[in-house]
Structure formats: C-alpha cells, structure tokens
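Engineer: upload01.txt (compact mmCIF, C-alpha atoms and all ligand atoms) pasted underneath:
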```
# COMPACT_ATOMS: atom_id res chain seq x y z
CA MET A 18 25.38 18.54 -26.16
CA ARG A 19 22.78 21.31 -26.44
CA ALA A 20 19.40 21.00 -24.77
CA VAL A 21 16.41 23.19 -24.00
CA VAL A 22 16.27 23.50 -20.22
CA CYS A 23 13.37 24.49 -17.99
CA GLU A 24 15.02 25.95 -14.86
CA THR A 25 12.05 27.92 -13.47
CA TRP A 26 8.33 27.12 -13.62
CA GLY A 27 6.60 29.55 -15.95
CA GLY A 28 6.03 30.54 -19.54
CA PRO A 29 8.10 29.53 -22.58
CA GLU A 30 10.09 32.77 -22.42
CA LEU A 31 11.91 31.30 -19.40
CA LEU A 32 13.29 28.33 -21.35
CA ARG A 33 17.04 28.38 -22.02
CA VAL A 34 19.32 26.45 -24.37
CA ARG A 35 22.30 25.11 -22.35
CA GLU A 36 25.35 22.93 -22.92
CA VAL A 37 24.70 19.86 -20.75
CA PRO A 38 26.35 16.44 -20.39
CA PRO A 39 24.87 13.86 -22.78
CA PRO A 40 22.62 11.28 -21.09
CA VAL A 41 23.98 7.77 -20.47
CA PRO A 42 21.69 4.85 -21.35
CA LYS A 43 20.72 2.43 -18.57
CA PRO A 44 21.02 -1.30 -19.40
CA ASP A 45 17.53 -1.40 -20.95
CA GLN A 46 17.74 1.93 -22.79
CA VAL A 47 18.93 3.27 -26.13
CA LEU A 48 20.79 6.54 -26.69
CA ILE A 49 19.33 8.45 -29.63
CA LYS A 50 20.85 11.25 -31.71
CA VAL A 51 17.77 13.43 -32.11
CA HIS A 52 16.98 14.59 -35.64
CA ALA A 53 13.50 15.90 -34.84
CA ALA A 54 11.41 16.28 -31.69
CA GLY A 55 7.62 16.55 -31.59
CA VAL A 56 5.99 19.47 -29.77
CA ASN A 57 2.80 18.61 -27.90
CA PHE A 58 0.24 20.66 -26.01
CA PRO A 59 1.15 19.03 -22.66
CA ASP A 60 4.69 20.45 -23.06
CA THR A 61 3.19 23.93 -22.61
CA LEU A 62 1.67 22.77 -19.30
CA ILE A 63 4.64 20.78 -17.96
CA ILE A 64 6.91 23.86 -18.01
CA ARG A 65 4.33 25.72 -15.89
CA ASN A 66 4.01 22.77 -13.46
CA LEU A 67 0.35 22.48 -14.51
CA TYR A 68 0.45 18.90 -15.86
CA GLN A 69 0.00 15.56 -14.13
CA LEU A 70 3.67 14.76 -14.80
CA LYS A 71 5.69 16.95 -12.40
CA PRO A 72 9.44 16.63 -13.02
CA GLU A 73 12.06 18.13 -10.72
CA LEU A 74 13.81 21.30 -11.93
CA PRO A 75 15.89 21.64 -14.00
CA PHE A 76 14.62 19.37 -16.77
CA THR A 77 14.38 19.18 -20.55
CA PRO A 78 10.86 18.84 -22.02
CA GLY A 79 10.01 16.73 -25.06
CA SER A 80 8.23 13.36 -24.99
CA GLU A 81 8.80 11.99 -28.51
CA VAL A 82 11.66 12.13 -31.00
CA GLY A 83 12.74 10.75 -34.33
CA GLY A 84 16.44 9.97 -34.58
CA GLU A 85 19.25 7.50 -34.91
CA VAL A 86 20.46 5.04 -32.27
CA ILE A 87 24.04 5.85 -31.29
CA ALA A 88 24.47 3.47 -28.34
CA VAL A 89 22.50 0.77 -26.54
CA GLY A 90 22.47 -0.47 -22.95
CA GLU A 91 23.97 -3.92 -22.28
CA ALA A 92 20.54 -5.60 -22.00
CA VAL A 93 19.24 -4.28 -25.33
CA SER A 94 19.21 -6.72 -28.24
CA THR A 95 16.38 -5.20 -30.28
CA PHE A 96 18.27 -2.13 -31.58
CA LYS A 97 21.79 -1.32 -32.72
CA PRO A 98 23.68 1.87 -33.55
CA GLY A 99 22.53 3.32 -36.86
CA ASP A 100 18.90 2.22 -36.52
CA ARG A 101 16.31 4.90 -37.35
CA VAL A 102 13.84 5.06 -34.49
CA ILE A 103 11.02 6.84 -32.74
CA GLY A 104 11.89 7.27 -29.08
CA LEU A 105 9.02 7.78 -26.62
CA CYS A 106 11.29 9.39 -24.07
CA VAL A 107 8.67 11.01 -21.77
CA LEU A 108 11.07 13.94 -21.10
CA GLY A 109 14.37 15.13 -22.56
CA GLY A 110 13.44 15.17 -26.24
CA TYR A 111 14.22 18.85 -26.91
CA ALA A 112 17.93 18.08 -27.09
CA GLU A 113 20.62 16.81 -29.40
CA GLU A 114 20.65 13.43 -27.64
CA VAL A 115 18.14 11.61 -25.46
CA VAL A 116 17.69 8.19 -23.87
CA ALA A 117 14.53 6.10 -24.23
CA ASP A 118 13.57 2.69 -22.87
CA ALA A 119 14.09 0.11 -25.61
CA LYS A 120 10.51 -1.03 -24.94
CA LEU A 121 9.33 2.50 -25.78
CA THR A 122 11.34 2.68 -29.00
CA LEU A 123 9.98 1.85 -32.44
CA PRO A 124 11.79 1.33 -35.75
CA ILE A 125 10.97 3.93 -38.43
CA PRO A 126 10.26 2.59 -41.92
CA ASP A 127 12.81 3.85 -44.50
CA ASP A 128 10.26 5.97 -46.35
CA VAL A 129 9.14 7.92 -43.26
CA SER A 130 11.02 11.15 -42.46
CA TYR A 131 12.37 11.97 -39.00
CA GLU A 132 10.01 14.99 -38.82
CA VAL A 133 6.90 12.90 -39.49
CA ALA A 134 8.13 10.15 -37.15
CA ALA A 135 8.81 12.64 -34.34
CA GLY A 136 5.28 14.01 -34.48
CA LEU A 137 3.43 10.76 -35.06
CA MET A 138 2.76 8.81 -31.90
CA MET A 139 1.41 11.34 -29.38
CA ALA A 140 -1.18 12.57 -31.86
CA TYR A 141 -1.92 9.54 -34.04
CA ALA A 142 -1.51 6.76 -31.48
CA THR A 143 -3.72 8.70 -29.05
CA SER A 144 -6.41 9.06 -31.71
CA TRP A 145 -5.91 5.42 -32.77
CA LEU A 146 -6.44 4.36 -29.16
CA GLY A 147 -9.63 6.42 -29.09
CA VAL A 148 -11.08 5.55 -32.49
CA ARG A 149 -9.93 1.96 -33.00
CA ASP A 150 -9.64 0.56 -29.51
CA ARG A 151 -11.64 2.44 -26.87
CA GLY A 152 -14.31 3.77 -29.26
CA THR A 153 -14.51 0.80 -31.69
CA VAL A 154 -15.69 3.13 -34.47
CA LYS A 155 -17.37 1.16 -37.25
CA PRO A 156 -17.78 1.88 -40.97
CA GLY A 157 -20.76 4.13 -41.59
CA GLU A 158 -20.88 5.54 -38.06
CA THR A 159 -20.86 9.30 -37.58
CA MET A 160 -17.97 10.71 -35.54
CA LEU A 161 -17.66 14.33 -34.41
CA VAL A 162 -14.10 15.55 -33.75
CA LEU A 163 -13.69 18.68 -31.61
CA GLY A 164 -10.55 20.81 -32.04
CA ALA A 165 -10.28 18.96 -35.32
CA SER A 166 -7.37 20.87 -36.88
CA GLY A 167 -4.99 20.33 -33.93
CA GLY A 168 -2.51 17.49 -33.57
CA VAL A 169 -4.83 14.92 -31.99
CA GLY A 170 -7.90 16.26 -33.81
CA LEU A 171 -6.52 16.09 -37.34
CA ALA A 172 -5.16 12.61 -36.63
CA ALA A 173 -8.67 11.60 -35.51
CA VAL A 174 -10.20 13.01 -38.69
CA GLU A 175 -7.84 10.90 -40.82
CA ILE A 176 -8.17 7.76 -38.70
CA GLY A 177 -11.96 8.11 -38.68
CA LYS A 178 -11.91 8.18 -42.47
CA ALA A 179 -9.43 5.27 -42.59
CA VAL A 180 -11.91 3.09 -40.66
CA GLY A 181 -14.85 4.15 -42.86
CA ALA A 182 -16.69 6.57 -40.57
CA ARG A 183 -18.49 9.73 -41.60
CA VAL A 184 -16.33 12.41 -39.96
CA VAL A 185 -17.66 15.80 -38.90
CA ALA A 186 -14.87 18.21 -37.98
CA ALA A 187 -15.49 21.08 -35.55
CA ALA A 188 -13.01 23.92 -35.05
CA SER A 189 -12.88 27.65 -34.35
CA SER A 190 -12.12 29.13 -37.79
CA ASP A 191 -12.90 28.55 -41.44
CA GLU A 192 -9.16 28.39 -42.15
CA LYS A 193 -8.80 25.50 -39.69
CA LEU A 194 -11.83 23.78 -41.17
CA ALA A 195 -10.35 24.02 -44.67
CA VAL A 196 -7.40 21.98 -43.36
CA CYS A 197 -9.85 19.40 -41.97
CA ILE A 198 -11.58 19.11 -45.35
CA ALA A 199 -8.21 18.72 -47.07
CA HIS A 200 -7.53 15.82 -44.66
CA GLY A 201 -10.83 14.08 -45.40
CA ALA A 202 -13.58 15.56 -43.21
CA ASP A 203 -17.05 14.97 -44.68
CA ALA A 204 -18.70 17.96 -43.01
CA VAL A 205 -17.49 20.85 -40.87
CA ILE A 206 -18.77 23.06 -38.04
CA ASN A 207 -17.28 26.41 -37.05
CA TYR A 208 -18.13 26.56 -33.35
CA ALA A 209 -16.85 30.11 -33.07
CA THR A 210 -19.54 31.43 -35.40
CA GLU A 211 -22.35 28.89 -34.99
CA ASP A 212 -23.95 27.36 -31.90
CA LEU A 213 -22.43 23.87 -31.69
CA ARG A 214 -25.64 22.09 -30.68
CA ALA A 215 -27.66 23.68 -33.46
CA ALA A 216 -24.92 22.90 -35.98
CA ILE A 217 -24.82 19.23 -34.94
CA LYS A 218 -28.60 18.99 -35.33
CA ARG A 219 -28.24 20.47 -38.81
CA THR A 220 -25.33 18.29 -39.98
CA CYS A 221 -26.09 15.07 -38.05
CA PRO A 222 -29.88 14.78 -37.61
CA ALA A 223 -29.58 11.12 -36.54
CA GLY A 224 -27.16 12.05 -33.75
CA LEU A 225 -23.50 11.26 -33.07
CA ASP A 226 -22.28 7.69 -32.72
CA VAL A 227 -18.92 8.91 -31.46
CA ILE A 228 -17.51 12.20 -30.17
CA LEU A 229 -13.73 12.55 -29.91
CA ASP A 230 -13.05 15.39 -27.49
CA PRO A 231 -9.57 16.85 -26.90
CA VAL A 232 -11.04 20.26 -25.93
CA GLY A 233 -13.54 19.98 -23.05
CA GLY A 234 -15.22 23.09 -21.63
CA PRO A 235 -18.79 23.87 -22.76
CA TYR A 236 -18.37 21.99 -26.07
CA THR A 237 -18.51 18.60 -24.35
CA GLU A 238 -22.07 18.86 -23.06
CA ALA A 239 -23.28 20.68 -26.19
CA ALA A 240 -22.02 17.75 -28.26
CA PHE A 241 -23.07 15.00 -25.85
CA ARG A 242 -26.67 16.18 -25.88
CA SER A 243 -26.72 14.94 -29.50
CA ILE A 244 -25.23 11.53 -28.74
CA ALA A 245 -26.98 8.68 -30.56
CA TRP A 246 -28.30 5.45 -29.03
CA ARG A 247 -25.25 3.44 -27.82
CA GLY A 248 -23.01 6.41 -28.65
CA ARG A 249 -19.52 6.87 -27.18
CA LEU A 250 -17.91 10.05 -25.86
CA LEU A 251 -14.11 9.72 -26.02
CA ILE A 252 -12.47 11.99 -23.44
CA VAL A 253 -8.96 12.89 -24.65
CA GLY A 254 -8.03 16.27 -23.18
CA PHE A 255 -9.00 19.72 -22.03
CA THR A 256 -7.25 22.36 -24.13
CA SER A 257 -10.06 24.78 -23.30
CA GLY A 258 -8.68 24.82 -19.76
CA THR A 259 -11.94 23.52 -18.25
CA VAL A 260 -12.65 19.93 -17.28
CA PRO A 261 -16.37 19.59 -18.01
CA SER A 262 -19.05 17.94 -15.85
CA LEU A 263 -22.05 16.07 -17.22
CA ALA A 264 -25.37 15.14 -15.60
CA MET A 265 -25.44 11.34 -15.44
CA ASN A 266 -28.99 11.11 -16.77
CA LEU A 267 -27.60 12.05 -20.20
CA PRO A 268 -25.66 8.81 -20.87
CA LEU A 269 -28.43 6.76 -19.20
CA LEU A 270 -31.11 8.04 -21.56
CA LYS A 271 -29.18 6.89 -24.66
CA ASN A 272 -27.38 3.75 -23.43
CA ALA A 273 -24.31 5.88 -24.10
CA SER A 274 -20.75 5.47 -22.79
CA ILE A 275 -18.26 8.03 -21.52
CA ILE A 276 -14.81 6.62 -22.17
CA GLY A 277 -11.40 7.86 -21.05
CA VAL A 278 -8.56 7.69 -23.58
CA MET A 279 -5.05 7.78 -22.10
CA TYR A 280 -2.03 7.15 -24.31
CA GLY A 281 0.44 7.66 -21.44
CA GLY A 282 1.03 4.20 -19.96
CA PHE A 283 -0.55 2.38 -22.93
CA PRO A 284 2.77 1.32 -24.55
CA GLN A 285 4.12 0.07 -21.19
CA ARG A 286 0.96 -1.71 -20.01
CA GLU A 287 -0.12 -3.14 -23.36
CA PRO A 288 3.01 -3.52 -25.51
CA GLU A 289 1.38 -5.93 -27.97
CA ALA A 290 -1.61 -3.66 -28.57
CA HIS A 291 0.78 -0.71 -28.94
CA ALA A 292 2.85 -2.61 -31.50
CA ALA A 293 -0.37 -3.35 -33.44
CA CYS A 294 -1.25 0.34 -33.26
CA ALA A 295 2.16 1.38 -34.64
CA ALA A 296 1.98 -1.25 -37.40
CA GLU A 297 -1.45 -0.07 -38.49
CA LEU A 298 -0.36 3.59 -38.44
CA PHE A 299 2.75 2.86 -40.54
CA GLY A 300 0.59 0.80 -42.94
CA TRP A 301 -1.84 3.70 -43.33
CA LEU A 302 1.10 6.08 -43.84
CA ARG A 303 2.45 3.91 -46.63
CA ALA A 304 -1.00 3.62 -48.20
CA GLY A 305 -1.51 7.39 -48.03
CA LYS A 306 -4.55 6.98 -45.75
CA ILE A 307 -2.95 9.24 -43.16
CA ARG A 308 -0.90 12.28 -44.15
CA PRO A 309 0.52 13.97 -41.03
CA LEU A 310 0.63 17.75 -41.41
CA ILE A 311 3.84 19.32 -40.13
CA SER A 312 2.88 22.97 -40.34
CA ASN A 313 6.17 24.42 -39.03
CA THR A 314 9.65 23.45 -37.86
CA TYR A 315 11.83 25.24 -35.30
CA THR A 316 15.42 25.08 -34.08
CA LEU A 317 16.13 24.41 -30.39
CA ASP A 318 17.04 28.10 -30.00
CA GLU A 319 13.49 28.92 -31.05
CA ALA A 320 11.96 26.84 -28.23
CA PRO A 321 10.28 29.81 -26.50
CA GLU A 322 8.60 30.80 -29.77
CA ALA A 323 7.61 27.21 -30.61
CA LEU A 324 5.95 26.68 -27.22
CA ARG A 325 4.33 30.12 -27.33
CA VAL A 326 2.80 29.23 -30.70
CA MET A 327 1.75 25.79 -29.39
CA ALA A 328 -0.17 27.42 -26.54
CA SER A 329 -1.73 30.10 -28.75
CA ARG A 330 -4.50 27.99 -30.36
CA THR A 331 -3.04 28.61 -33.82
CA VAL A 332 -1.15 25.42 -34.68
CA GLN A 333 -2.59 23.28 -37.45
CA GLY A 334 -1.50 19.66 -37.32
CA LYS A 335 1.92 19.37 -35.70
CA ILE A 336 5.04 21.45 -35.15
CA VAL A 337 8.46 19.89 -34.56
CA PHE A 338 12.01 20.86 -33.65
CA LYS A 339 14.79 19.98 -36.08
CA THR A 340 18.18 19.61 -34.41
N1 LIG A 401 -5.25 11.50 -23.39
C1 LIG A 401 -4.08 11.39 -23.96
O1 LIG A 401 -3.43 10.35 -23.93
C2 LIG A 401 -3.53 12.57 -24.71
C3 LIG A 401 -2.47 12.46 -25.60
C4 LIG A 401 -2.05 13.57 -26.31
C5 LIG A 401 -2.68 14.78 -26.10
N2 LIG A 401 -3.70 14.86 -25.19
C6 LIG A 401 -4.43 16.08 -24.94
O2 LIG A 401 -5.19 16.35 -26.09
C7 LIG A 401 -5.35 17.76 -26.20
C8 LIG A 401 -4.97 18.19 -27.61
O3 LIG A 401 -3.57 18.05 -27.78
P1 LIG A 401 -2.93 18.51 -29.16
O4 LIG A 401 -1.48 18.21 -29.06
O5 LIG A 401 -3.72 18.00 -30.29
O6 LIG A 401 -3.15 20.08 -29.06
P2 LIG A 401 -3.33 21.15 -30.24
O7 LIG A 401 -2.66 20.70 -31.46
O8 LIG A 401 -2.98 22.47 -29.65
O9 LIG A 401 -4.90 21.12 -30.53
C9 LIG A 401 -5.81 21.45 -29.56
C10 LIG A 401 -7.02 22.15 -30.15
O10 LIG A 401 -7.81 22.56 -29.03
C11 LIG A 401 -8.58 23.67 -29.42
N3 LIG A 401 -8.68 24.64 -28.33
C12 LIG A 401 -9.82 25.08 -27.78
N4 LIG A 401 -9.59 25.95 -26.82
C13 LIG A 401 -8.26 26.12 -26.75
C14 LIG A 401 -7.41 26.92 -25.95
N5 LIG A 401 -7.91 27.74 -25.01
N6 LIG A 401 -6.09 26.84 -26.16
C15 LIG A 401 -5.58 26.00 -27.07
N7 LIG A 401 -6.32 25.20 -27.87
C16 LIG A 401 -7.67 25.27 -27.71
C17 LIG A 401 -7.91 24.27 -30.65
O11 LIG A 401 -8.84 24.13 -31.71
P3 LIG A 401 -9.94 25.25 -32.00
O12 LIG A 401 -9.27 26.58 -32.00
O13 LIG A 401 -10.43 24.83 -33.32
O14 LIG A 401 -10.96 25.12 -30.90
C18 LIG A 401 -6.70 23.40 -30.92
O15 LIG A 401 -6.54 23.14 -32.30
C19 LIG A 401 -4.51 18.39 -25.10
O16 LIG A 401 -5.35 18.68 -24.00
C20 LIG A 401 -3.54 17.30 -24.73
O17 LIG A 401 -3.11 17.41 -23.39
C21 LIG A 401 -4.14 13.79 -24.51
```
Mind turning the file's structure into structure tokens?

Structural biologist:
Amino acid sequence: MRAVVCETWGGPELLRVREVPPPVPKPDQVLIKVHAAGVNFPDTLIIRNLYQLKPELPFTPGSEVGGEVIAVGEAVSTFKPGDRVIGLCVLGGYAEEVVADAKLTLPIPDDVSYEVAAGLMMAYATSWLGVRDRGTVKPGETMLVLGASGGVGLAAVEIGKAVGARVVAAASSDEKLAVCIAHGADAVINYATEDLRAAIKRTCPAGLDVILDPVGGPYTEAAFRSIAWRGRLLIVGFTSGTVPSLAMNLPLLKNASIIGVMYGGFPQREPEAHAACAAELFGWLRAGKIRPLISNTYTLDEAPEALRVMASRTVQGKIVFKT
C-alpha cells in the first residue's frame, strides 16, 4: 500500500510517499481502508520532532481517518468488514490502510461523508470537551474564541452557538472573520488590526464568561484581563508558538478558573463521556447545528503541500487527504 512516510525530522518537503507493507491488526484492533484522513496542526509539529508525541523514524503521520473496516482482530466483536468508521489511529492515517484500536473507532452515520468524518473528532471533540465538559458553557454566556477560523476555533464557534452562548470570534483577517460569521459568530474582532483588549471592552463590556484559546502568546493575557466574575479560560493549544504565562492575581481577583483541555487520552480514559460527545456531535450534524468546513482536499502525493499550507496560518476550517 502507499503511505506518506517521515524518514527525517524536518519540514513537510522531506515527506515521501512510499510503497510499504499494509499494517496487521492486533487482536483488539480494526484494519481500515482509508477514504479520507484529517490534517491537524500537531501533524506539522510531529514531523519536526517538536510535539509531545515523539515517534521513532520512519513513521507515517495522521491521527484520524474516515474509512471502511476491511478486517478485525480476533477479539473485536463491535465492528465487521464493510462498516463505515472513524478511526482515531494516533499515527499512520496518511496511508491507504491503517489500524486503530476498536475502542478508538466510531461508526459513521450513513449521511456523513468520509471527508467530514475524517476531520471531525480532533477539532470538534476537542472543542466539545472544552465548551461542554471542562468549560460548562451555559446559554446566554459570552464566549470569546481565539483563532476562530481554524479547525478547533471554528468548531468552538459552532458548538458555542449550539449550546446557546453569545460567541465572539477573534482572528487575524477580515476574510477569516467572514467565515466565522457564516458559521454563526455573533460578533467579531480582527486582532491583527485592532488591539485585542480594547476590542473586547468594546464588544463585551460585561466581560468574558469563557475564553477558548488554541493560540496562546500575547493574546491569552490580553483576553484574560477581561474575564468576568467566575469566568473560565480554556487552554487548548499554542499555535502562536509561545506558551503564555499569567500572574496568578488575575484569576484570584475574579474567582476565575484556568482550565486545561486535552483531547488526547480522553477517549481512552473516559470512553462513556467520549461516546456521549460523539453522539451529541453526530446529532448536531444531523440537525444542521454544526457544519464542518472542509476548505480543501489533497492527494497523498500532495502531502508536503498540505502540511506546508497547514503550518502557514491560512487554513480555514479543515483540510483532508482523499486516498
Ligand atoms: N488540547 C487538545 O486536545 C488539542 C486538540 C487539537 C488541537 N490542539 C491544538 O489546538 C491548536 C489549533 O489546532 P487547529 O488544528 O485548529 O489549527 P489551525 O486550524 O491551524 O488553527 C489555528 C489558528 O491559530 C491561529 N494562529 C495564530 N498564530 C499562528 C501561527 N503562528 N501559526 C499558525 N496559526 C496561528 C490562526 O488563526 P489567526 O490567523 O486568525 O490568528 C489559525 O487559524 C493547535 O495548537 C493544536 O495543537 C489541541
């Protein structure tokens, strides 16, 4: 089978497509014929050995796929060949076939495409974990989303609206903000052209009940200084490249909480909560409350370009590989 292989740490231009032996499922795994594979920001870091997950070389990136089960390990009774599934494979997804633990595999409803399924969980389940679970966002609360047109950000905009919050989307261009409005944002802030703190004061004079932050850097403190009484800062990621620090008097003064949001490990440690998350996401998909944006698709041969684009701060919503 064909797979994208990372043989040397470095930029996407070093990725190669190789003929490799297909993986063999362990007793508790399923073998999936990949129809689509989601591209995520961490993939751009893993290939440079800059991510917390540090695989041995050579390896194939790709943590989530949509595809069809073609074989199951002897201990698997929950799936059978022919089933349409999302595989949360951790690595190996940028390939024609991949194995995933049966426990990290979800059935795809008939009306959901492989492309949407492949790009769903890393973005939407992460934002669900932040908004619904860790942040307990309530109807009528005001939530600021940083990096709001990216994969996690746009998912948070839609999920915030689905739970009845007032959602303020912040991003670095008017074009990106137009996408946020099209996906339900109530108000927008262009933090490339306007001081973020001043813009929050203008758009949210009562302060922010929740901040969902996949960006970090200077934006985190600028936003947190407008946190409301009992507000929650949801720490999701650091695409800016800088892990921010905050003076601890800031949360004290507002009875505010700083909350980590980590999707990795959530399905394994809390399978029932993860199943509830997936069920709610699929329900919202069916009801049209979330509308994942797949802004581009690539072939495996285009992997260097896809990962270059992913790292270039230009992707809106998600990009996926089609195999
Ligand atoms: N905690 C978890 O479980 C979890 C799960 C999935 C992802 N993540 C993390 O969440 C973050 C977002 O992931 P994603 O897949 O949504 O990424 P994405 O689609 O690339 O979106 C990230 C956004 O960050 C903003 N950004 C600011 N500075 C940037 C820079 N120097 N380079 C690139 N983007 C920059 C961009 O928006 P503007 O241009 O508008 O600023 C961009 O739209 C990543 O750090 C990822 O590792 C965490």

Engineer: Using only C-alpha atoms and all ligand atoms, find the one residue out of A:Ala304, A:Ala195, A:Val21, A:Ala142 that sits nearest to ligand LIG 401 (chain A).

Structural biologist: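 The shortest atom-to-atom distance to ligand LIG 401 (chain A) comes from A:Ala142.
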
Engineer: From (-9.7, 17.0, -35.1), in the file's coordinates, out to 8 Å: which residues are reached, counting all atoms listed in the file? Answer as a count of residues only.

Structural biologist: 18

Engineer: Excluding Leu108 of chain A and any residue of its chain fewer than 5 positions from it, enumerate the residues within 9 Å of it, using only C-alpha atoms, and give them as a PDB file with C-alpha atoms, in the coordinates of the input.

Structural biologist:
```pdb
ATOM      1  CA  PRO A  72       9.440  16.630 -13.020  1.00  0.00           C
ATOM      2  CA  PHE A  76      14.620  19.370 -16.770  1.00  0.00           C
ATOM      3  CA  THR A  77      14.380  19.180 -20.550  1.00  0.00           C
ATOM      4  CA  PRO A  78      10.860  18.840 -22.020  1.00  0.00           C
ATOM      5  CA  GLY A  79      10.010  16.730 -25.060  1.00  0.00           C
ATOM      6  CA  SER A  80       8.230  13.360 -24.990  1.00  0.00           C
ATOM      7  CA  GLU A  81       8.800  11.990 -28.510  1.00  0.00           C
ATOM      8  CA  VAL A 115      18.140  11.610 -25.460  1.00  0.00           C
TER       9      VAL A 115
END
```

Engineer: Can you work out which residues are within 7 Å of ligand LIG 401 (chain A), considering all atoms listed in the file, and then hand them over as a PyMOL selection string?

Structural biologist: chain A and resi 57-59+139-140+143+164-170+187-190+193+231-232+253-258+278-281+327-335

Engineer: Using all atoms listed in the file, which of A:Val337, A:Leu105, A:Met160, A:Val86 sits nearest Asp226 of chain A?

Structural biologist: A:Met160

Engineer: Rank A:Gly177, A:Gly55, A:Gly248, A:Gly157 by their smallest atom-to-atom distance to Ser312 of chain A, using all atoms listed in the file, and report the top residue only.

Structural biologist: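 The shortest atom-to-atom distance to Ser312 of chain A comes from A:Gly55.
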
Engineer: Mind giving me the straight-line distance from atom CA of Phe283 of chain A to atom CA of Gly300 of chain A in Å, one decimal?

Structural biologist: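 Result for atom CA of Phe283 of chain A versus atom CA of Gly300 of chain A: 20.1 Å, one decimal.
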
Engineer: Which residues, protein or nucleic acid, reach to within 12 Å of (7.6, -7.0, -25.4) in the file's coordinates when using only C-alpha atoms, and can you give that as an NGL selection string?

Structural biologist: :A and (93-95 or 118-123 or 284-293)

Engineer: Kindly save the residues from that selection, with C-alpha atoms included, as a PDB file, in the coordinates of the input.

Structural biologist:
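Once everything was written out, this is part.pdb:
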```pdb
ATOM      1  CA  VAL A  93      19.240  -4.280 -25.330  1.00  0.00           C
ATOM      2  CA  SER A  94      19.210  -6.720 -28.240  1.00  0.00           C
ATOM      3  CA  THR A  95      16.380  -5.200 -30.280  1.00  0.00           C
ATOM      4  CA  ASP A 118      13.570   2.690 -22.870  1.00  0.00           C
ATOM      5  CA  ALA A 119      14.090   0.110 -25.610  1.00  0.00           C
ATOM      6  CA  LYS A 120      10.510  -1.030 -24.940  1.00  0.00           C
ATOM      7  CA  LEU A 121       9.330   2.500 -25.780  1.00  0.00           C
ATOM      8  CA  THR A 122      11.340   2.680 -29.000  1.00  0.00           C
ATOM      9  CA  LEU A 123       9.980   1.850 -32.440  1.00  0.00           C
ATOM     10  CA  PRO A 284       2.770   1.320 -24.550  1.00  0.00           C
ATOM     11  CA  GLN A 285       4.120   0.070 -21.190  1.00  0.00           C
ATOM     12  CA  ARG A 286       0.960  -1.710 -20.010  1.00  0.00           C
ATOM     13  CA  GLU A 287      -0.120  -3.140 -23.360  1.00  0.00           C
ATOM     14  CA  PRO A 288       3.010  -3.520 -25.510  1.00  0.00           C
ATOM     15  CA  GLU A 289       1.380  -5.930 -27.970  1.00  0.00           C
ATOM     16  CA  ALA A 290      -1.610  -3.660 -28.570  1.00  0.00           C
ATOM     17  CA  HIS A 291       0.780  -0.710 -28.940  1.00  0.00           C
ATOM     18  CA  ALA A 292       2.850  -2.610 -31.500  1.00  0.00           C
ATOM     19  CA  ALA A 293      -0.370  -3.350 -33.440  1.00  0.00           C
TER      20      ALA A 293
END
```

Engineer: Residues at most 9 Å from Asp100 of chain A, counting all atoms listed in the file, excluding those fewer than 5 positions away in the same chain, as a list in words?

Structural biologist: Gly84, Glu85, Val86, Ile87, Pro124 and Ile125 of chain A

Engineer: Grab the atom CA of Ala88 of chain A to atom CA of Cys106 of chain A distance for me, in Å with one decimal place.

Structural biologist: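 Between atom CA of Ala88 of chain A and atom CA of Cys106 of chain A the gap works out to 15.1 Å.
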
Engineer: Rounded to one decimal place, report the atom CA of Asn66 of chain A-atom CA of Ile252 of chain A distance in Å.

Structural biologist: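 Atom CA of Ile252 of chain A lies at a distance of 22.1 Å from atom CA of Asn66 of chain A.
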
Engineer: Find the residue from A:Ala215, A:Ile176, A:Leu310, A:Ile49 that sits nearest to Gly201 of chain A; use all atoms listed in the file when measuring.

Structural biologist: A:Ile176
